Amino acid sequence: MLAPPRVCRERLLWPLGVDIPTRSSRRQLLGINLYHDAGTPPVMSDDGRMLSGNAGVGLPAQPAATDAPPASHLHPRVTSFRTRRTALSGAQQATWARLWPEVGMNARDGDGPAPPLDTETWFGRSAPVVLEIGCGAGTSTLAMAQAEPDIDVVAVEVYRRGLAQLLSGIDREGVPNIRLVRGDGVDVLEYMFGPDSLAGVRVFFPDPWPKARHHKRRLLQPATMALIADRLRPGGVLHAATDHMGYAEHIATVGDAEPRLRRVSTEDTLPMSADRPVTKYERKALAGPVVTELLWEKS
Ligand SMILES: C[S@@+](CC[C@H](N)C(=O)[O-])C[C@H]1O[C@@H](n2cnc3c(N)ncnc32)[C@H](O)[C@@H]1O
């Protein structure tokens with residue numbers, strides 16, 4: 001029996017000793033690369049969901065995978081996101097058509113995952129890069145990028161309307177240091193960034209998948225922690241926030257178990273701000289529960 005965690009806004013401490021899946025089981029837990037050997041590359045449906053190559057471009061989105069998927073190219077892998085219908089307003093469509101080619105790209109297309117990012121060319125300068133996974137509508141993304149003009153932010157989201165809202169904000173406010181990637185953040189970590197390349201990774205209010213049978217869909221698993229630790233440069237920081245107690249404990253456990261990460265707090269000197277504005281999700285969903293902020297530095 002584990003002792004209860006001590007939770008406060010800044011830190012959540014959880015004793016070690018919990019069974020962590022072995023390295024070999026991690027990829028299956030997350031479904032990483034389940035289809036890379038399949039021959040037929042997956043494609044992204046209009047709502048951001050990855051479909052197997054056999055599903056074909058332009059077919060209606062498949063229903064969200066529920067329990068453990070078979071490791072088959074006929075089925076989408078387990079993902080941490082839900083299928084959502086996307087409808088952009090006329091103004092959002094116009095902004096998308098004008099700006100997306102310049103500041104946006106897909107994590108994957110019919111040819112497979114995107115190649116490694118050349119952030120210096122994309123941003124037109126050399127600056128520390130922070131990756132935000134699951135930016136939603138990007139309200140905090142926009143505010144944090146404005147507050148830190150010397151940092152370049154790559155915001156990843158599968159939800160097209162969220163990206164469209166962020167794009168409109170970038171356009172309206174004239175923010176030069178944000179680029180958008182549509183797709184799965186795990187793909188972005190795995191294929192678009194190399195080892196020791198990121199100054200920071202932010203994951204604010206990842207979907208908690210509260211039911212036990214859905215825990216495998218949680219984004220922050222040992223495999224993702226290992227990938228993040230690899231992509232962070234020494235001194236780089238992972239900043240996660242959640243209002244779900246069970247997920248907070250899980251994130252704390254898997255983060256503390258990753259040997260390249262060392263727990264830090266918002267009071268420490270960090271290469272990026274941990275001063276997080278209230279996110280859109282938080283504003284809508286939070287009715288007084290504790291928000292747990294979890295930070296690690298790569299040693
Ligand atoms: C609960 S919302 C939080 C959004 C935002 N961070 C906020 O606080 O307002 C979680 C978001 O993460 C996105 N998401 C989940 N898994 C993802 C993944 N693997 N890659 C990219 N985005 C993901 C979902 O589409 C959803 O918009």
# chains A, B, ... in the order shown; residues from 1 in each chain; ligands from 1

call {"tool": "closest_atom_pairs", "arguments": {"of": "chain A", "to": "ligand 1", "cutoff": "6 Å", "atoms": "only C-alpha atoms and all ligand atoms", "output": "tab-separated table"}}
result
residue	atom	partner	partner_atom_place_in_ligand_line	distance
A:Ser80	CA	ligand 1	16 (N)	4.2
A:Phe81	CA	ligand 1	15 (C)	4.1
A:Ile133	CA	ligand 1	21 (C)	5.2
A:Gly134	CA	ligand 1	12 (O)	3.4
A:Cys135	CA	ligand 1	6 (N)	4.2
A:Gly136	CA	ligand 1	4 (C)	3.8
A:Val156	CA	ligand 1	21 (C)	5.3
A:Glu157	CA	ligand 1	22 (N)	3.9
A:Val158	CA	ligand 1	22 (N)	4.9
A:Tyr159	CA	ligand 1	25 (O)	5.0
A:Gly183	CA	ligand 1	21 (C)	5.8
A:Asp184	CA	ligand 1	20 (N)	3.6
A:Gly185	CA	ligand 1	20 (N)	3.7
A:Val186	CA	ligand 1	19 (N)	5.7
A:Phe204	CA	ligand 1	6 (N)	4.4
A:Phe205	CA	ligand 1	3 (C)	4.8
A:Pro206	CA	ligand 1	10 (C)	4.6
A:Asp207	CA	ligand 1	1 (C)	4.8
A:Thr279	CA	ligand 1	9 (O)	4.4
A:Lys280	CA	ligand 1	9 (O)	4.0
A:Tyr281	CA	ligand 1	9 (O)	3.6
A:Glu282	CA	ligand 1	8 (O)	5.7

call {"tool": "write_last_selection", "arguments": {"atoms": "N, CA and C atoms", "output": "PDB file, in the first residue's frame"}}
result
ATOM      1  N   SER A  80      -3.837   9.794 -27.136  1.00  0.00           N
ATOM      2  CA  SER A  80      -4.249  10.472 -25.911  1.00  0.00           C
ATOM      3  C   SER A  80      -5.356  11.475 -26.183  1.00  0.00           C
ATOM      4  N   PHE A  81      -5.842  11.523 -27.405  1.00  0.00           N
ATOM      5  CA  PHE A  81      -6.858  12.538 -27.720  1.00  0.00           C
ATOM      6  C   PHE A  81      -8.117  11.883 -28.262  1.00  0.00           C
ATOM      7  N   ILE A 133       2.584  20.805 -25.827  1.00  0.00           N
ATOM      8  CA  ILE A 133       1.761  19.721 -26.374  1.00  0.00           C
ATOM      9  C   ILE A 133       0.334  19.859 -25.854  1.00  0.00           C
ATOM     10  N   GLY A 134      -0.619  19.903 -26.778  1.00  0.00           N
ATOM     11  CA  GLY A 134      -2.026  20.024 -26.392  1.00  0.00           C
ATOM     12  C   GLY A 134      -2.357  21.448 -25.983  1.00  0.00           C
ATOM     13  N   CYS A 135      -2.102  22.397 -26.886  1.00  0.00           N
ATOM     14  CA  CYS A 135      -2.272  23.814 -26.532  1.00  0.00           C
ATOM     15  C   CYS A 135      -3.737  24.226 -26.512  1.00  0.00           C
ATOM     16  N   GLY A 136      -4.653  23.378 -26.968  1.00  0.00           N
ATOM     17  CA  GLY A 136      -6.070  23.756 -26.994  1.00  0.00           C
ATOM     18  C   GLY A 136      -6.261  24.984 -27.865  1.00  0.00           C
ATOM     19  N   VAL A 156       1.581  22.370 -30.311  1.00  0.00           N
ATOM     20  CA  VAL A 156       1.030  21.195 -30.999  1.00  0.00           C
ATOM     21  C   VAL A 156      -0.385  20.925 -30.505  1.00  0.00           C
ATOM     22  N   GLU A 157      -1.244  20.623 -31.426  1.00  0.00           N
ATOM     23  CA  GLU A 157      -2.635  20.314 -31.083  1.00  0.00           C
ATOM     24  C   GLU A 157      -3.219  19.499 -32.228  1.00  0.00           C
ATOM     25  N   VAL A 158      -4.117  18.582 -31.874  1.00  0.00           N
ATOM     26  CA  VAL A 158      -4.804  17.814 -32.913  1.00  0.00           C
ATOM     27  C   VAL A 158      -6.111  18.495 -33.332  1.00  0.00           C
ATOM     28  N   TYR A 159      -6.595  19.349 -32.471  1.00  0.00           N
ATOM     29  CA  TYR A 159      -7.912  19.957 -32.618  1.00  0.00           C
ATOM     30  C   TYR A 159      -7.781  21.186 -33.525  1.00  0.00           C
ATOM     31  N   GLY A 183      -1.278  17.701 -35.061  1.00  0.00           N
ATOM     32  CA  GLY A 183      -1.053  16.264 -35.001  1.00  0.00           C
ATOM     33  C   GLY A 183      -0.748  15.821 -33.583  1.00  0.00           C
ATOM     34  N   ASP A 184      -0.193  14.658 -33.497  1.00  0.00           N
ATOM     35  CA  ASP A 184       0.078  14.017 -32.209  1.00  0.00           C
ATOM     36  C   ASP A 184       1.433  14.501 -31.669  1.00  0.00           C
ATOM     37  N   GLY A 185       1.404  15.019 -30.458  1.00  0.00           N
ATOM     38  CA  GLY A 185       2.637  15.510 -29.852  1.00  0.00           C
ATOM     39  C   GLY A 185       3.712  14.445 -29.726  1.00  0.00           C
ATOM     40  N   VAL A 186       3.298  13.192 -29.624  1.00  0.00           N
ATOM     41  CA  VAL A 186       4.293  12.113 -29.536  1.00  0.00           C
ATOM     42  C   VAL A 186       5.048  11.995 -30.859  1.00  0.00           C
ATOM     43  N   PHE A 204      -0.049  21.383 -20.398  1.00  0.00           N
ATOM     44  CA  PHE A 204      -0.994  21.964 -19.449  1.00  0.00           C
ATOM     45  C   PHE A 204      -2.365  21.301 -19.581  1.00  0.00           C
ATOM     46  N   PHE A 205      -2.781  20.660 -18.525  1.00  0.00           N
ATOM     47  CA  PHE A 205      -4.080  20.008 -18.448  1.00  0.00           C
ATOM     48  C   PHE A 205      -4.278  18.961 -19.542  1.00  0.00           C
ATOM     49  N   PRO A 206      -3.350  18.001 -19.595  1.00  0.00           N
ATOM     50  CA  PRO A 206      -3.554  16.891 -20.532  1.00  0.00           C
ATOM     51  C   PRO A 206      -4.804  16.114 -20.127  1.00  0.00           C
ATOM     52  N   ASP A 207      -5.485  15.557 -21.105  1.00  0.00           N
ATOM     53  CA  ASP A 207      -6.717  14.796 -20.807  1.00  0.00           C
ATOM     54  C   ASP A 207      -6.401  13.714 -19.779  1.00  0.00           C
ATOM     55  N   THR A 279      -5.337  28.843 -18.129  1.00  0.00           N
ATOM     56  CA  THR A 279      -5.629  28.397 -19.496  1.00  0.00           C
ATOM     57  C   THR A 279      -7.140  28.390 -19.723  1.00  0.00           C
ATOM     58  N   LYS A 280      -7.512  28.233 -20.972  1.00  0.00           N
ATOM     59  CA  LYS A 280      -8.939  28.221 -21.295  1.00  0.00           C
ATOM     60  C   LYS A 280      -9.635  27.040 -20.612  1.00  0.00           C
ATOM     61  N   TYR A 281      -9.007  25.891 -20.643  1.00  0.00           N
ATOM     62  CA  TYR A 281      -9.572  24.704 -19.990  1.00  0.00           C
ATOM     63  C   TYR A 281      -9.752  24.980 -18.498  1.00  0.00           C
ATOM     64  N   GLU A 282      -8.732  25.535 -17.912  1.00  0.00           N
ATOM     65  CA  GLU A 282      -8.747  25.792 -16.469  1.00  0.00           C
ATOM     66  C   GLU A 282      -9.869  26.767 -16.110  1.00  0.00           C
TER      67      GLU A 282
END

call {"tool": "select_by_dssp", "arguments": {"residues": "segment 48-282 of chain A", "states": "alpha helix (DSSP H)", "output": "PyMOL selection string"}}
result
chain A and resi 90-103+119-123+139-147+160-173+185-187+222-231+245-257+280-282

call {"tool": "residues_around", "arguments": {"residues": "segment 144-153 of chain A", "least_positions_apart": "6", "cutoff": "6 Å", "atoms": "only C-alpha atoms", "output": "list in words"}}
result
Ala127, Pro128, Val129, Val130, Leu131, Asn177 and Ile178 of chain A

call {"tool": "residues_around", "arguments": {"residues": "segment 242-258 of chain A", "least_positions_apart": "6", "cutoff": "6 Å", "atoms": "only C-alpha atoms", "output": "PyMOL selection string"}}
result
chain A and resi 205+208+222+290-292

call {"tool": "residues_around", "arguments": {"residues": "Gly235 of chain A", "least_positions_apart": "3", "cutoff": "7 Å", "atoms": "only C-alpha atoms", "output": "list in words"}}
result
Glu297, Lys298 and Ser299 of chain A

call {"tool": "write_last_selection", "arguments": {"atoms": "C-alpha atoms", "output": "tab-separated table (two decimals), in the first residue's frame"}}
result
chain	number	residue	atom	x	y	z
A	297	GLU	CA	14.91	19.66	-15.15
A	298	LYS	CA	17.06	17.50	-17.37
A	299	SER	CA	20.34	16.81	-15.62

call {"tool": "closest_residue", "arguments": {"among": "A:Arg283, A:Leu238, A:Ser89, A:Pro116", "to": "Ser265 of chain A", "atoms": "only C-alpha atoms"}}
result
A:Leu238

call {"tool": "closest_residue", "arguments": {"among": "A:Arg213, A:Arg98, A:Arg202, A:Arg125", "to": "Leu232 of chain A", "atoms": "only C-alpha atoms"}}
result
A:Arg202

call {"tool": "atom_distance", "arguments": {"atom1": "atom CA of Leu166 of chain A", "atom2": "atom CA of Asp118 of chain A"}}
result
21.8 Å

call {"tool": "closest_residue", "arguments": {"among": "A:Val175, A:Arg231, A:Arg161, A:Arg218", "to": "Leu189 of chain A", "atoms": "only C-alpha atoms"}}
result
A:Arg231

call {"tool": "atom_distance", "arguments": {"atom1": "atom CA of Asp171 of chain A", "atom2": "atom CA of Met105 of chain A"}}
result
16.5 Å

call {"tool": "select_by_dssp", "arguments": {"residues": "segment 56-285 of chain A", "states": "strand (DSSP E or B)", "output": "tab-separated table (two decimals) with N, CA and C atoms, in the first residue's frame"}}
result
chain	number	residue	atom	x	y	z
A	104	GLY	N	2.32	27.13	-39.94
A	104	GLY	CA	1.80	25.84	-39.50
A	104	GLY	C	2.28	24.69	-40.35
A	105	MET	N	2.28	23.52	-39.76
A	105	MET	CA	2.56	22.30	-40.55
A	105	MET	C	1.93	21.09	-39.86
A	106	ASN	N	1.76	20.03	-40.62
A	106	ASN	CA	1.21	18.79	-40.07
A	106	ASN	C	2.34	17.91	-39.55
A	108	ARG	N	2.20	14.80	-39.65
A	108	ARG	CA	2.16	13.57	-40.44
A	108	ARG	C	1.30	13.81	-41.66
A	109	ASP	N	1.65	13.20	-42.75
A	109	ASP	CA	0.75	13.23	-43.90
A	109	ASP	C	0.78	11.85	-44.55
A	112	GLY	N	3.86	9.80	-44.32
A	112	GLY	CA	4.40	9.41	-43.01
A	112	GLY	C	4.70	10.64	-42.17
A	113	PRO	N	5.52	10.46	-41.12
A	113	PRO	CA	5.80	11.58	-40.22
A	113	PRO	C	6.62	12.67	-40.90
A	129	VAL	N	14.00	26.88	-27.92
A	129	VAL	CA	12.68	26.44	-28.39
A	129	VAL	C	11.96	25.69	-27.28
A	130	VAL	N	10.72	26.09	-27.06
A	130	VAL	CA	9.84	25.40	-26.09
A	130	VAL	C	8.69	24.76	-26.87
A	131	LEU	N	8.44	23.49	-26.58
A	131	LEU	CA	7.35	22.76	-27.22
A	131	LEU	C	6.18	22.67	-26.26
A	132	GLU	N	4.99	23.07	-26.72
A	132	GLU	CA	3.79	22.89	-25.89
A	132	GLU	C	2.90	21.84	-26.56
A	133	ILE	N	2.58	20.80	-25.83
A	133	ILE	CA	1.76	19.72	-26.37
A	133	ILE	C	0.33	19.86	-25.85
A	152	ASP	N	11.24	30.83	-28.65
A	152	ASP	CA	10.36	30.41	-29.75
A	152	ASP	C	9.51	29.24	-29.28
A	153	VAL	N	8.22	29.32	-29.56
A	153	VAL	CA	7.26	28.33	-29.07
A	153	VAL	C	6.69	27.54	-30.24
A	154	VAL	N	6.77	26.22	-30.14
A	154	VAL	CA	6.10	25.35	-31.10
A	154	VAL	C	4.91	24.74	-30.37
A	155	ALA	N	3.70	25.06	-30.84
A	155	ALA	CA	2.47	24.61	-30.17
A	155	ALA	C	1.84	23.49	-30.99
A	156	VAL	N	1.58	22.37	-30.31
A	156	VAL	CA	1.03	21.20	-31.00
A	156	VAL	C	-0.38	20.92	-30.51
A	157	GLU	N	-1.24	20.62	-31.43
A	157	GLU	CA	-2.63	20.31	-31.08
A	157	GLU	C	-3.22	19.50	-32.23
A	178	ILE	N	5.63	32.16	-32.41
A	178	ILE	CA	4.87	30.91	-32.25
A	178	ILE	C	4.73	30.23	-33.61
A	179	ARG	N	4.96	28.93	-33.63
A	179	ARG	CA	4.67	28.11	-34.81
A	179	ARG	C	3.75	26.98	-34.36
A	180	LEU	N	2.94	26.49	-35.29
A	180	LEU	CA	1.90	25.51	-34.94
A	180	LEU	C	2.14	24.20	-35.67
A	181	VAL	N	1.93	23.12	-34.96
A	181	VAL	CA	1.97	21.80	-35.60
A	181	VAL	C	0.67	21.09	-35.28
A	182	ARG	N	0.04	20.58	-36.32
A	182	ARG	CA	-1.21	19.85	-36.14
A	182	ARG	C	-0.93	18.36	-36.16
A	198	LEU	N	15.50	20.81	-27.09
A	198	LEU	CA	14.44	21.68	-26.56
A	198	LEU	C	14.83	22.31	-25.22
A	199	ALA	N	14.52	23.60	-25.09
A	199	ALA	CA	14.75	24.28	-23.81
A	199	ALA	C	13.63	23.96	-22.83
A	200	GLY	N	12.48	23.55	-23.36
A	200	GLY	CA	11.37	23.24	-22.47
A	200	GLY	C	10.26	22.50	-23.18
A	201	VAL	N	9.48	21.80	-22.37
A	201	VAL	CA	8.25	21.15	-22.85
A	201	VAL	C	7.15	21.50	-21.87
A	202	ARG	N	6.02	21.94	-22.41
A	202	ARG	CA	4.87	22.28	-21.56
A	202	ARG	C	3.69	21.37	-21.90
A	203	VAL	N	3.08	20.87	-20.87
A	203	VAL	CA	1.86	20.06	-21.05
A	203	VAL	C	0.86	20.53	-19.99
A	204	PHE	N	-0.05	21.38	-20.40
A	204	PHE	CA	-0.99	21.96	-19.45
A	204	PHE	C	-2.36	21.30	-19.58
A	232	LEU	N	14.85	17.09	-24.38
A	232	LEU	CA	15.29	18.28	-23.63
A	232	LEU	C	16.80	18.39	-23.67
A	233	ARG	N	17.27	19.60	-23.76
A	233	ARG	CA	18.72	19.79	-23.62
A	233	ARG	C	19.05	19.80	-22.13
A	234	PRO	N	20.31	19.57	-21.76
A	234	PRO	CA	20.65	19.64	-20.33
A	234	PRO	C	20.22	20.98	-19.75
A	235	GLY	N	19.54	20.93	-18.64
A	235	GLY	CA	19.00	22.16	-18.04
A	235	GLY	C	17.60	22.50	-18.53
A	236	GLY	N	17.16	21.82	-19.59
A	236	GLY	CA	15.81	22.05	-20.11
A	236	GLY	C	14.76	21.56	-19.13
A	237	VAL	N	13.56	22.12	-19.23
A	237	VAL	CA	12.53	21.88	-18.21
A	237	VAL	C	11.25	21.31	-18.81
A	238	LEU	N	10.70	20.34	-18.11
A	238	LEU	CA	9.33	19.87	-18.40
A	238	LEU	C	8.40	20.47	-17.36
A	239	HIS	N	7.36	21.13	-17.82
A	239	HIS	CA	6.38	21.74	-16.92
A	239	HIS	C	5.01	21.15	-17.26
A	240	ALA	N	4.46	20.40	-16.32
A	240	ALA	CA	3.12	19.83	-16.50
A	240	ALA	C	2.20	20.39	-15.43
A	241	ALA	N	0.94	20.54	-15.79
A	241	ALA	CA	-0.07	20.99	-14.81
A	241	ALA	C	-1.34	20.20	-15.02
A	242	THR	N	-1.94	19.82	-13.92
A	242	THR	CA	-3.21	19.09	-14.02
A	242	THR	C	-4.08	19.38	-12.80
A	261	LEU	N	15.63	13.02	-15.38
A	261	LEU	CA	14.88	14.19	-14.90
A	261	LEU	C	15.03	14.35	-13.39
A	262	ARG	N	15.18	15.60	-12.99
A	262	ARG	CA	15.32	15.93	-11.56
A	262	ARG	C	14.23	16.93	-11.21
A	263	ARG	N	13.50	16.65	-10.15
A	263	ARG	CA	12.37	17.51	-9.77
A	263	ARG	C	12.86	18.91	-9.39
A	264	VAL	N	12.22	19.94	-9.91
A	264	VAL	CA	12.51	21.32	-9.51
A	264	VAL	C	11.18	22.00	-9.18

call {"tool": "closest_residue", "arguments": {"among": "A:Gly194, A:Leu99, A:Arg84, A:Ala223", "to": "Gly162 of chain A", "atoms": "only C-alpha atoms"}}
result
A:Arg84
